[in-house]
$ cat input_16.txt   # compact mmCIF, C-alpha atoms
# COMPACT_ATOMS: atom_id res chain seq x y z
CA MET A 1 -25.23 -15.87 17.06
CA ALA A 2 -25.07 -19.52 18.13
CA VAL A 3 -22.00 -20.05 20.32
CA THR A 4 -20.83 -23.06 22.31
CA GLU A 5 -17.50 -23.97 23.86
CA ALA A 6 -14.85 -25.97 22.01
CA PRO A 7 -13.39 -28.45 24.53
CA THR A 8 -10.39 -30.11 22.85
CA ASP A 9 -6.63 -29.73 22.77
CA THR A 10 -6.48 -27.79 19.50
CA ASN A 11 -8.76 -24.98 20.59
CA ALA A 12 -7.85 -21.44 21.69
CA SER A 13 -6.28 -22.73 24.89
CA LEU A 14 -3.14 -23.32 22.81
CA LEU A 15 -2.53 -19.57 23.15
CA ASP A 16 -2.93 -18.39 26.72
CA ALA A 17 -2.84 -14.69 25.91
CA HIS A 18 -4.83 -11.75 24.58
CA GLY A 19 -8.11 -13.14 25.90
CA LEU A 20 -8.34 -15.58 23.00
CA GLU A 21 -11.46 -17.73 23.22
CA SER A 22 -12.93 -20.63 21.27
CA SER A 23 -16.51 -20.98 20.21
CA TYR A 24 -18.59 -23.01 17.81
CA ARG A 25 -20.81 -21.02 15.47
CA LYS A 26 -23.65 -22.22 13.32
CA ILE A 27 -22.58 -21.12 9.85
CA ASN A 28 -24.44 -22.23 6.71
CA ASP A 29 -25.82 -25.33 8.46
CA LEU A 30 -22.35 -26.28 9.71
CA LYS A 31 -20.67 -25.97 13.08
CA LEU A 32 -17.48 -23.96 12.60
CA HIS A 33 -14.85 -23.60 15.27
CA VAL A 34 -13.67 -20.01 15.70
CA ALA A 35 -10.87 -18.52 17.79
CA ALA A 36 -11.50 -14.85 18.55
CA ALA A 37 -9.88 -12.08 20.57
CA GLY A 38 -9.91 -8.33 20.92
CA ASP A 39 -12.43 -5.58 21.53
CA PRO A 40 -15.82 -6.71 20.17
CA GLU A 41 -16.35 -3.15 18.98
CA GLY A 42 -12.95 -2.87 17.28
CA PRO A 43 -12.43 -3.06 13.51
CA LEU A 44 -12.95 -6.67 12.46
CA VAL A 45 -10.16 -8.77 10.91
CA VAL A 46 -10.81 -12.29 9.63
CA LEU A 47 -7.71 -14.49 9.16
CA LEU A 48 -8.06 -17.46 6.79
CA HIS A 49 -5.66 -20.39 6.95
CA GLY A 50 -4.74 -22.65 4.06
CA HIS A 51 -3.67 -26.27 3.64
CA PRO A 52 -2.63 -28.18 5.71
CA ASP A 53 -3.08 -25.51 8.35
CA PHE A 54 -5.69 -24.63 10.97
CA TRP A 55 -6.46 -21.50 13.00
CA TYR A 56 -3.22 -21.94 14.98
CA GLY A 57 -1.22 -20.96 11.92
CA TRP A 58 -2.04 -17.31 12.73
CA ARG A 59 -0.70 -17.46 16.29
CA ASP A 60 2.03 -14.88 15.63
CA GLN A 61 -0.38 -12.35 14.12
CA ILE A 62 -3.30 -12.51 16.58
CA GLY A 63 -1.60 -10.71 19.48
CA PRO A 64 -0.16 -7.78 17.50
CA LEU A 65 -3.49 -7.23 15.75
CA VAL A 66 -5.35 -7.25 19.07
CA ASP A 67 -2.79 -4.83 20.51
CA ALA A 68 -3.41 -2.56 17.53
CA GLY A 69 -7.10 -2.39 18.47
CA PHE A 70 -8.61 -4.96 16.14
CA ARG A 71 -11.25 -7.58 16.77
CA VAL A 72 -9.60 -10.73 15.39
CA VAL A 73 -11.63 -13.75 14.28
CA VAL A 74 -9.85 -16.89 13.06
CA PRO A 75 -11.96 -19.83 11.88
CA ASP A 76 -11.04 -23.40 11.26
CA GLN A 77 -12.45 -23.51 7.76
CA ARG A 78 -14.87 -26.31 6.92
CA GLY A 79 -13.23 -29.71 6.94
CA CYS A 80 -10.42 -28.64 9.25
CA ASN A 81 -9.54 -29.30 12.90
CA LEU A 82 -12.61 -28.71 15.09
CA SER A 83 -15.05 -27.56 12.40
CA ASP A 84 -17.60 -29.80 10.73
CA ALA A 85 -16.42 -31.75 7.70
CA PRO A 86 -19.35 -32.30 5.33
CA ASP A 87 -19.25 -35.26 2.97
CA GLY A 88 -18.66 -34.96 -0.74
CA ILE A 89 -16.48 -32.87 -2.99
CA ASP A 90 -19.01 -30.21 -3.93
CA ALA A 91 -19.26 -29.08 -0.30
CA TYR A 92 -15.73 -27.71 -0.69
CA GLN A 93 -16.23 -25.60 -3.77
CA LEU A 94 -14.97 -22.06 -3.38
CA SER A 95 -18.52 -20.72 -3.40
CA ASN A 96 -19.21 -22.58 -0.15
CA LEU A 97 -15.94 -21.58 1.50
CA THR A 98 -16.64 -17.99 0.50
CA ALA A 99 -20.19 -18.13 1.83
CA ASP A 100 -18.88 -19.43 5.17
CA VAL A 101 -16.69 -16.38 5.62
CA CYS A 102 -19.44 -13.96 4.64
CA GLU A 103 -21.76 -15.56 7.18
CA LEU A 104 -19.00 -15.52 9.78
CA ILE A 105 -18.67 -11.76 9.30
CA HIS A 106 -22.41 -11.44 9.78
CA SER A 107 -22.15 -13.54 12.96
CA GLU A 108 -20.07 -10.68 14.41
CA ASP A 109 -22.98 -8.33 13.63
CA ARG A 110 -20.91 -6.70 10.90
CA THR A 111 -21.50 -6.07 7.22
CA SER A 112 -17.81 -6.04 6.29
CA ALA A 113 -14.33 -6.86 7.59
CA HIS A 114 -10.66 -6.76 6.75
CA VAL A 115 -9.89 -10.17 5.23
CA VAL A 116 -6.44 -11.79 5.22
CA GLY A 117 -5.66 -15.18 3.68
CA HIS A 118 -2.67 -17.47 3.26
CA ASP A 119 -2.31 -20.34 0.81
CA PHE A 120 -5.77 -21.76 0.00
CA GLY A 121 -7.22 -19.24 2.45
CA GLY A 122 -5.79 -16.61 0.10
CA PHE A 123 -7.86 -17.99 -2.76
CA VAL A 124 -10.93 -17.71 -0.52
CA ALA A 125 -9.96 -14.14 0.36
CA TRP A 126 -9.50 -13.15 -3.31
CA ASN A 127 -12.91 -14.69 -4.10
CA ILE A 128 -14.68 -12.75 -1.37
CA ALA A 129 -13.11 -9.50 -2.56
CA LEU A 130 -14.11 -10.22 -6.17
CA ARG A 131 -17.60 -11.67 -5.63
CA HIS A 132 -18.67 -9.70 -2.54
CA PRO A 133 -16.60 -6.50 -2.69
CA SER A 134 -18.78 -4.60 -0.22
CA MET A 135 -17.86 -7.13 2.48
CA VAL A 136 -14.11 -6.51 2.32
CA ASN A 137 -12.55 -3.33 3.69
CA HIS A 138 -8.85 -4.12 3.23
CA LEU A 139 -7.46 -7.29 1.68
CA GLY A 140 -4.29 -9.09 2.79
CA ILE A 141 -2.83 -11.93 0.70
CA LEU A 142 0.09 -14.18 1.62
CA ASN A 143 1.71 -16.30 -1.10
CA VAL A 144 -1.28 -16.78 -3.36
CA PRO A 145 -1.76 -15.10 -6.76
CA HIS A 146 -4.88 -13.42 -8.07
CA PRO A 147 -7.08 -16.23 -9.49
CA THR A 148 -6.81 -14.89 -13.03
CA VAL A 149 -3.01 -14.82 -12.80
CA TYR A 150 -2.96 -18.36 -11.42
CA GLY A 151 -5.16 -19.66 -14.23
CA GLU A 152 -3.24 -17.91 -16.98
CA THR A 153 0.11 -19.05 -15.58
CA LEU A 154 -1.05 -22.67 -15.43
CA ARG A 155 -2.05 -22.45 -19.09
CA SER A 156 1.20 -20.87 -20.23
CA SER A 157 3.97 -22.08 -17.91
CA PRO A 158 5.16 -25.70 -17.94
CA GLN A 159 7.27 -24.81 -14.91
CA GLN A 160 4.19 -23.84 -12.91
CA ILE A 161 2.35 -26.95 -14.06
CA ILE A 162 5.18 -29.02 -12.60
CA ARG A 163 5.17 -26.98 -9.39
CA SER A 164 1.42 -27.60 -9.06
CA TRP A 165 1.79 -31.37 -9.36
CA TYR A 166 0.03 -31.96 -6.05
CA VAL A 167 -3.16 -30.27 -7.32
CA TRP A 168 -3.43 -32.89 -10.07
CA PHE A 169 -2.42 -35.70 -7.71
CA TYR A 170 -5.22 -34.80 -5.28
CA GLN A 171 -7.77 -35.36 -8.07
CA VAL A 172 -7.02 -39.10 -8.04
CA PRO A 173 -9.65 -41.03 -6.03
CA LYS A 174 -8.63 -42.66 -2.73
CA LEU A 175 -4.87 -42.88 -3.39
CA PRO A 176 -3.99 -39.46 -1.86
CA GLU A 177 -5.95 -40.29 1.29
CA TRP A 178 -4.13 -43.60 1.68
CA LEU A 179 -0.69 -42.10 1.16
CA LEU A 180 -1.25 -39.18 3.50
CA ARG A 181 -2.77 -41.27 6.32
CA ARG A 182 -0.13 -44.00 6.36
CA ASN A 183 2.76 -44.16 8.85
CA ASP A 184 1.13 -41.74 11.30
CA MET A 185 0.77 -39.13 8.53
CA ASP A 186 4.50 -38.88 7.84
CA ASN A 187 3.81 -37.52 4.36
CA MET A 188 1.72 -34.69 5.80
CA VAL A 189 4.54 -33.85 8.19
CA ASP A 190 6.99 -33.92 5.29
CA SER A 191 4.79 -31.47 3.41
CA LEU A 192 5.30 -28.95 6.22
CA LYS A 193 9.05 -29.48 6.37
CA ILE A 194 9.68 -29.52 2.62
CA THR A 195 7.74 -26.31 1.98
CA SER A 196 9.33 -24.35 4.86
CA ASN A 197 12.75 -23.21 5.97
CA GLU A 198 14.53 -25.35 8.54
CA GLY A 199 13.20 -24.78 12.05
CA THR A 200 9.92 -23.19 11.01
CA PHE A 201 7.95 -26.10 12.49
CA ASP A 202 9.37 -27.55 15.70
CA ASN A 203 8.35 -30.96 17.04
CA GLU A 204 5.78 -29.57 19.47
CA THR A 205 4.08 -27.61 16.70
CA ILE A 206 4.09 -30.61 14.39
CA GLU A 207 2.34 -32.71 17.05
CA ARG A 208 -0.37 -30.06 17.29
CA TYR A 209 -0.83 -30.14 13.54
CA LYS A 210 -1.10 -33.93 13.59
CA THR A 211 -3.81 -33.69 16.23
CA ALA A 212 -5.70 -31.17 14.11
CA TRP A 213 -5.46 -33.42 11.04
CA LYS A 214 -6.77 -36.40 12.99
CA ASN A 215 -9.81 -34.48 14.22
CA THR A 216 -11.48 -34.43 10.80
CA GLY A 217 -9.29 -36.84 8.88
CA ILE A 218 -7.40 -36.22 5.65
CA GLU A 219 -10.17 -36.55 3.05
CA PRO A 220 -11.88 -33.16 3.66
CA ARG A 221 -8.59 -31.34 3.14
CA ILE A 222 -7.98 -33.15 -0.14
CA ASN A 223 -11.55 -32.31 -1.14
CA TRP A 224 -10.60 -28.63 -0.93
CA TYR A 225 -8.49 -29.21 -4.04
CA ARG A 226 -11.05 -31.41 -5.74
CA GLY A 227 -13.71 -28.80 -5.04
CA PHE A 228 -11.38 -26.09 -6.34
CA ARG A 229 -11.24 -27.83 -9.71
CA ARG A 230 -15.05 -27.91 -9.83
CA SER A 231 -15.48 -24.28 -8.80
CA ASP A 232 -16.61 -21.52 -11.11
CA SER A 233 -13.85 -19.09 -11.97
CA PRO A 234 -14.25 -15.70 -10.27
CA PRO A 235 -14.65 -12.64 -12.48
CA ARG A 236 -11.47 -11.40 -14.18
CA ASP A 237 -11.88 -8.16 -12.31
CA THR A 238 -9.54 -5.78 -10.60
CA VAL A 239 -9.79 -5.79 -6.81
CA THR A 240 -10.87 -2.34 -5.70
CA GLN A 241 -10.03 -2.67 -2.01
CA PRO A 242 -6.61 -1.62 -0.68
CA THR A 243 -4.58 -4.82 -1.06
CA LEU A 244 -1.31 -5.97 0.47
CA ILE A 245 0.49 -8.98 -1.02
CA CYS A 246 3.32 -10.52 1.01
CA TRP A 247 5.36 -13.19 -0.77
CA GLY A 248 8.15 -15.51 0.29
CA GLU A 249 10.39 -15.74 -2.77
CA ASP A 250 11.45 -19.33 -2.06
CA ASP A 251 7.95 -20.79 -2.33
CA ILE A 252 8.53 -24.13 -4.03
CA ALA A 253 4.94 -24.41 -5.31
CA LEU A 254 4.32 -20.98 -6.83
CA ARG A 255 6.42 -18.86 -9.16
CA PRO A 256 7.26 -15.47 -7.58
CA SER A 257 6.51 -13.72 -10.88
CA MET A 258 2.82 -14.32 -10.14
CA ALA A 259 3.04 -11.94 -7.19
CA GLU A 260 4.02 -9.00 -9.40
CA GLU A 261 1.49 -9.97 -12.05
CA SER A 262 -1.23 -10.00 -9.38
CA LEU A 263 -0.61 -6.31 -8.72
CA HIS A 264 -2.01 -5.59 -12.20
CA TYR A 265 -5.36 -6.77 -10.84
CA CYS A 266 -5.27 -4.50 -7.79
CA GLU A 267 -6.54 -0.94 -8.06
CA ASP A 268 -4.69 0.02 -4.87
CA GLY A 269 -2.07 -2.66 -4.34
CA LYS A 270 1.26 -3.04 -2.58
CA LEU A 271 3.70 -5.95 -2.84
CA ARG A 272 6.35 -6.97 -0.32
CA MET A 273 8.73 -9.69 -1.48
CA PHE A 274 10.73 -11.53 1.17
CA PRO A 275 13.97 -13.19 0.00
CA ASN A 276 15.21 -16.38 1.65
CA THR A 277 11.66 -16.97 2.84
CA SER A 278 9.41 -19.92 2.08
CA HIS A 279 5.72 -20.35 1.40
CA TRP A 280 5.20 -19.92 5.17
CA VAL A 281 6.09 -16.26 5.01
CA HIS A 282 4.06 -15.19 8.06
CA HIS A 283 5.78 -17.84 10.20
CA GLU A 284 9.28 -16.92 9.12
CA ARG A 285 9.31 -13.12 8.90
CA GLU A 286 8.12 -10.84 11.69
CA GLU A 287 7.97 -8.01 9.18
CA VAL A 288 4.90 -9.62 7.65
CA THR A 289 2.93 -8.95 10.83
CA ASP A 290 4.18 -5.36 10.91
CA GLU A 291 3.16 -4.90 7.28
CA LEU A 292 -0.31 -6.29 7.97
CA VAL A 293 -0.87 -3.97 10.95
CA ARG A 294 0.23 -0.94 8.91
CA HIS A 295 -1.90 -1.99 5.96
CA LEU A 296 -5.07 -2.58 7.96
CA THR A 297 -4.76 0.73 9.84
CA ARG A 298 -4.16 2.95 6.82
CA THR A 299 -6.84 4.77 4.92
CA SER A 300 -7.47 4.14 1.24
CA SER A 301 -5.23 6.07 -1.12

$ encode --input "input_16.txt" --output "structure tokens"
Amino acid sequence: MAVTEAPTDTNASLLDAHGLESSYRKINDLKLHVAAAGDPEGPLVVLLHGHPDFWYGWRDQIGPLVDAGFRVVVPDQRGCNLSDAPDGIDAYQLSNLTADVCELIHSEDRTSAHVVGHDFGGFVAWNIALRHPSMVNHLGILNVPHPTVYGETLRSSPQQIIRSWYVWFYQVPKLPEWLLRRNDMDNMVDSLKITSNEGTFDNETIERYKTAWKNTGIEPRINWYRGFRRSDSPPRDTVTQPTLICWGEDDIALRPSMAEESLHYCEDGKLRMFPNTSHWVHHEREEVTDELVRHLTRTSS
């Protein structure tokens, strides 16, 4: 396992607790930044952030998972914060994001892990469970529907098409980059505030996010969505792993009905809906962390 130190102000030093450490790992010919903590021999949990997040988005979950005995590994996914940002749209297809996580699991000398994802990281997590089921022990999903449910809802629901306006907007060349970079990335900051409850992101946290965005620039993050549109659809299969779905009911981008529909594609699934909670459910409700710890420590039913 190739490991080097990550010496910038958005590395693991942001959390001075639980022995959290940064490293760079050579993953699929890229250098990925990884924050990791916990007993190296403990059960492995991989936490996958979404857009416009970075590893720091899991700061409230890392400590409780470590305290519960887990080895916790949190990457900056390709194109984000301190990780490499390859050129081109195809580099960000889901097959590549999925392969990164599989190789990351192998870098811990493991053949499988518990995998938890939020937002776009949830799509990556679903894809790993569907395409590489032997690599996922338990699956945790925060505010992202099963890919089949998402696709069918987009085809049948004008309301969801409107809610997903930004996905179509990001397909436009150059204009999204210009709009999101201008005025010290005010539009990116607004995207955090508009999609969350008041007070979820304080000024100090927002400054850390802005630093993370500047590290790789805006284009790689937009290419996640362009690559998503070019990606092959995963199989319309049922997930066989024990699966927990946590969903903030006030998500402005995704209809909550998709959470219940996603359970139909889970052989052993559980859904927790959180009222008065936004898309950033794991930031706003401590119960989400408790649910994740219980889920990852239980045996299959």

$ residues_around --input "input_16.txt" --residues "A:Ala85" --least-positions-apart "2" --cutoff "9 Å" --atoms "only C-alpha atoms" --output "list in words"
Leu30, Lys31, Arg78, Gly79, Cys80, Asn81, Leu82, Ser83, Asp87, Ala91, Thr216, Gly217 and Pro220 of chain A

$ residues_around --input "input_16.txt" --residues "A:His132" --least-positions-apart "4" --cutoff "10 Å" --atoms "all atoms listed in the file" --output "PyMOL selection string"
chain A and resi 98-99+102+112+126-128+136

$ residues_around --input "input_16.txt" --residues "A:Ile161" --least-positions-apart "5" --cutoff "12 Å" --atoms "all atoms listed in the file" --output "PDB file with C-alpha atoms, keeping the file's coordinate frame"
ATOM      1  CA  TYR A 150      -2.960 -18.360 -11.420  1.00  0.00           C
ATOM      2  CA  GLY A 151      -5.160 -19.660 -14.230  1.00  0.00           C
ATOM      3  CA  GLU A 152      -3.240 -17.910 -16.980  1.00  0.00           C
ATOM      4  CA  THR A 153       0.110 -19.050 -15.580  1.00  0.00           C
ATOM      5  CA  LEU A 154      -1.050 -22.670 -15.430  1.00  0.00           C
ATOM      6  CA  ARG A 155      -2.050 -22.450 -19.090  1.00  0.00           C
ATOM      7  CA  SER A 156       1.200 -20.870 -20.230  1.00  0.00           C
ATOM      8  CA  TYR A 166       0.030 -31.960  -6.050  1.00  0.00           C
ATOM      9  CA  VAL A 167      -3.160 -30.270  -7.320  1.00  0.00           C
ATOM     10  CA  TRP A 168      -3.430 -32.890 -10.070  1.00  0.00           C
ATOM     11  CA  PHE A 169      -2.420 -35.700  -7.710  1.00  0.00           C
ATOM     12  CA  ALA A 253       4.940 -24.410  -5.310  1.00  0.00           C
ATOM     13  CA  LEU A 254       4.320 -20.980  -6.830  1.00  0.00           C
ATOM     14  CA  ARG A 255       6.420 -18.860  -9.160  1.00  0.00           C
TER      15      ARG A 255
END

$ closest_residue --input "input_16.txt" --among "A:Asn197, A:Asn223, A:Ser107, A:Ser95" --to "A:Ala125" --atoms "all atoms listed in the file"
A:Ser95

$ closest_residue --input "input_16.txt" --among "A:Gln77, A:Thr289, A:Ser278, A:Ser231" --to "A:Arg59" --atoms "only C-alpha atoms"
A:Thr289

$ atom_distance --input "input_16.txt" --atom1 "atom CA of A:Gln61" --atom2 "atom CA of A:Cys266"
23.8 Å

$ atom_distance --input "input_16.txt" --atom1 "atom CA of A:Trp280" --atom2 "atom CA of A:Leu47"
14.6 Å

$ closest_residue --input "input_16.txt" --among "A:Val149, A:Leu44, A:Leu292, A:Leu32" --to "A:Asp100" --atoms "all atoms listed in the file"
A:Leu32

$ closest_residue --input "input_16.txt" --among "A:Gly88, A:Pro176, A:Gly57, A:Pro242" --to "A:Ala129" --atoms "only C-alpha atoms"
A:Pro242

$ atom_distance --input "input_16.txt" --atom1 "atom CA of A:Pro133" --atom2 "atom CA of A:Thr243"
12.2 Å

$ closest_residue --input "input_16.txt" --among "A:Thr10, A:Ser233, A:Gln93, A:Gln160" --to "A:Trp213" --atoms "only C-alpha atoms"
A:Thr10

$ closest_residue --input "input_16.txt" --among "A:Thr211, A:Ser262, A:Thr277, A:Thr297" --to "A:Ile141" --atoms "all atoms listed in the file"
A:Ser262

$ residues_around --input "input_16.txt" --residues "A:Val72" --least-positions-apart "4" --cutoff "10 Å" --atoms "all atoms listed in the file" --output "PyMOL selection string"
chain A and resi 20+35-40+42-47+61-63+65-66+113-114

$ write_last_selection --input "input_16.txt" --atoms "C-alpha atoms" --output "mmCIF file, in the frame of the given file"
data_model
loop_
_atom_site.group_PDB
_atom_site.id
_atom_site.type_symbol
_atom_site.label_atom_id
_atom_site.label_comp_id
_atom_site.auth_asym_id
_atom_site.auth_seq_id
_atom_site.Cartn_x
_atom_site.Cartn_y
_atom_site.Cartn_z
ATOM 1 C CA LEU A 20 -8.340 -15.580 23.000
ATOM 2 C CA ALA A 35 -10.870 -18.520 17.790
ATOM 3 C CA ALA A 36 -11.500 -14.850 18.550
ATOM 4 C CA ALA A 37 -9.880 -12.080 20.570
ATOM 5 C CA GLY A 38 -9.910 -8.330 20.920
ATOM 6 C CA ASP A 39 -12.430 -5.580 21.530
ATOM 7 C CA PRO A 40 -15.820 -6.710 20.170
ATOM 8 C CA GLY A 42 -12.950 -2.870 17.280
ATOM 9 C CA PRO A 43 -12.430 -3.060 13.510
ATOM 10 C CA LEU A 44 -12.950 -6.670 12.460
ATOM 11 C CA VAL A 45 -10.160 -8.770 10.910
ATOM 12 C CA VAL A 46 -10.810 -12.290 9.630
ATOM 13 C CA LEU A 47 -7.710 -14.490 9.160
ATOM 14 C CA GLN A 61 -0.380 -12.350 14.120
ATOM 15 C CA ILE A 62 -3.300 -12.510 16.580
ATOM 16 C CA GLY A 63 -1.600 -10.710 19.480
ATOM 17 C CA LEU A 65 -3.490 -7.230 15.750
ATOM 18 C CA VAL A 66 -5.350 -7.250 19.070
ATOM 19 C CA ALA A 113 -14.330 -6.860 7.590
ATOM 20 C CA HIS A 114 -10.660 -6.760 6.750
#

$ decode --input "input_16.txt" --residues "stretch 127-202 of chain A" --atoms "C-alpha atoms" --output "PDB file, in the first residue's frame"
ATOM      1  CA  ASN A 127     -23.280   0.510  -7.673  1.00  0.00           C
ATOM      2  CA  ILE A 128     -20.663  -1.331  -5.645  1.00  0.00           C
ATOM      3  CA  ALA A 129     -23.351  -3.403  -3.932  1.00  0.00           C
ATOM      4  CA  LEU A 130     -24.987  -4.245  -7.280  1.00  0.00           C
ATOM      5  CA  ARG A 131     -21.881  -4.819  -9.419  1.00  0.00           C
ATOM      6  CA  HIS A 132     -19.504  -6.227  -6.781  1.00  0.00           C
ATOM      7  CA  PRO A 133     -21.806  -7.729  -4.137  1.00  0.00           C
ATOM      8  CA  SER A 134     -19.089  -9.833  -2.511  1.00  0.00           C
ATOM      9  CA  MET A 135     -17.225  -6.642  -1.576  1.00  0.00           C
ATOM     10  CA  VAL A 136     -20.046  -5.159   0.510  1.00  0.00           C
ATOM     11  CA  ASN A 137     -20.942  -6.538   3.927  1.00  0.00           C
ATOM     12  CA  HIS A 138     -23.586  -4.027   5.029  1.00  0.00           C
ATOM     13  CA  LEU A 139     -24.821  -1.102   2.949  1.00  0.00           C
ATOM     14  CA  GLY A 140     -25.770   2.330   4.303  1.00  0.00           C
ATOM     15  CA  ILE A 141     -27.514   4.892   2.081  1.00  0.00           C
ATOM     16  CA  LEU A 142     -28.312   8.510   2.946  1.00  0.00           C
ATOM     17  CA  ASN A 143     -30.771  10.427   0.752  1.00  0.00           C
ATOM     18  CA  VAL A 144     -30.172   8.649  -2.532  1.00  0.00           C
ATOM     19  CA  PRO A 145     -32.605   6.200  -4.175  1.00  0.00           C
ATOM     20  CA  HIS A 146     -31.799   2.846  -5.714  1.00  0.00           C
ATOM     21  CA  PRO A 147     -30.582   3.577  -9.283  1.00  0.00           C
ATOM     22  CA  THR A 148     -33.548   1.774 -10.842  1.00  0.00           C
ATOM     23  CA  VAL A 149     -35.985   3.820  -8.761  1.00  0.00           C
ATOM     24  CA  TYR A 150     -34.203   7.041  -9.705  1.00  0.00           C
ATOM     25  CA  GLY A 151     -34.320   6.217 -13.415  1.00  0.00           C
ATOM     26  CA  GLU A 152     -37.959   5.168 -13.385  1.00  0.00           C
ATOM     27  CA  THR A 153     -38.990   8.231 -11.386  1.00  0.00           C
ATOM     28  CA  LEU A 154     -37.213  10.565 -13.808  1.00  0.00           C
ATOM     29  CA  ARG A 155     -39.105   8.953 -16.679  1.00  0.00           C
ATOM     30  CA  SER A 156     -42.499   9.150 -14.992  1.00  0.00           C
ATOM     31  CA  SER A 157     -42.483  12.183 -12.695  1.00  0.00           C
ATOM     32  CA  PRO A 158     -42.426  15.741 -14.070  1.00  0.00           C
ATOM     33  CA  GLN A 159     -41.990  16.899 -10.477  1.00  0.00           C
ATOM     34  CA  GLN A 160     -38.749  14.944 -10.125  1.00  0.00           C
ATOM     35  CA  ILE A 161     -37.526  16.183 -13.495  1.00  0.00           C
ATOM     36  CA  ILE A 162     -37.939  19.732 -12.210  1.00  0.00           C
ATOM     37  CA  ARG A 163     -36.217  18.869  -8.925  1.00  0.00           C
ATOM     38  CA  SER A 164     -33.290  17.426 -10.897  1.00  0.00           C
ATOM     39  CA  TRP A 165     -32.814  20.593 -12.954  1.00  0.00           C
ATOM     40  CA  TYR A 166     -29.186  20.927 -11.880  1.00  0.00           C
ATOM     41  CA  VAL A 167     -28.307  17.542 -13.416  1.00  0.00           C
ATOM     42  CA  TRP A 168     -29.376  18.834 -16.835  1.00  0.00           C
ATOM     43  CA  PHE A 169     -27.746  22.221 -16.239  1.00  0.00           C
ATOM     44  CA  TYR A 170     -24.386  20.573 -15.493  1.00  0.00           C
ATOM     45  CA  GLN A 171     -24.432  18.976 -18.956  1.00  0.00           C
ATOM     46  CA  VAL A 172     -24.007  22.402 -20.576  1.00  0.00           C
ATOM     47  CA  PRO A 173     -20.354  23.023 -21.556  1.00  0.00           C
ATOM     48  CA  LYS A 174     -18.376  25.702 -19.679  1.00  0.00           C
ATOM     49  CA  LEU A 175     -21.332  27.739 -18.379  1.00  0.00           C
ATOM     50  CA  PRO A 176     -21.720  25.835 -15.065  1.00  0.00           C
ATOM     51  CA  GLU A 177     -18.008  26.216 -14.334  1.00  0.00           C
ATOM     52  CA  TRP A 178     -18.161  29.964 -14.950  1.00  0.00           C
ATOM     53  CA  LEU A 179     -21.235  30.476 -12.790  1.00  0.00           C
ATOM     54  CA  LEU A 180     -19.954  28.396  -9.896  1.00  0.00           C
ATOM     55  CA  ARG A 181     -16.458  29.951  -9.860  1.00  0.00           C
ATOM     56  CA  ARG A 182     -17.555  33.585  -9.990  1.00  0.00           C
ATOM     57  CA  ASN A 183     -17.763  35.882  -6.947  1.00  0.00           C
ATOM     58  CA  ASP A 184     -15.567  33.654  -4.782  1.00  0.00           C
ATOM     59  CA  MET A 185     -17.870  30.673  -5.439  1.00  0.00           C
ATOM     60  CA  ASP A 186     -20.952  32.318  -3.928  1.00  0.00           C
ATOM     61  CA  ASN A 187     -23.215  29.994  -5.910  1.00  0.00           C
ATOM     62  CA  MET A 188     -21.491  26.946  -4.442  1.00  0.00           C
ATOM     63  CA  VAL A 189     -21.971  28.363  -0.962  1.00  0.00           C
ATOM     64  CA  ASP A 190     -25.619  29.032  -1.761  1.00  0.00           C
ATOM     65  CA  SER A 191     -26.026  25.413  -2.811  1.00  0.00           C
ATOM     66  CA  LEU A 192     -25.050  24.342   0.712  1.00  0.00           C
ATOM     67  CA  LYS A 193     -27.376  26.831   2.386  1.00  0.00           C
ATOM     68  CA  ILE A 194     -30.382  26.288   0.120  1.00  0.00           C
ATOM     69  CA  THR A 195     -30.290  22.501   0.451  1.00  0.00           C
ATOM     70  CA  SER A 196     -29.863  22.480   4.256  1.00  0.00           C
ATOM     71  CA  ASN A 197     -31.702  23.672   7.326  1.00  0.00           C
ATOM     72  CA  GLU A 198     -30.624  26.984   8.808  1.00  0.00           C
ATOM     73  CA  GLY A 199     -27.434  26.667  10.840  1.00  0.00           C
ATOM     74  CA  THR A 200     -26.307  23.361   9.369  1.00  0.00           C
ATOM     75  CA  PHE A 201     -23.232  25.005   7.828  1.00  0.00           C
ATOM     76  CA  ASP A 202     -21.631  27.734   9.938  1.00  0.00           C
TER      77      ASP A 202
END
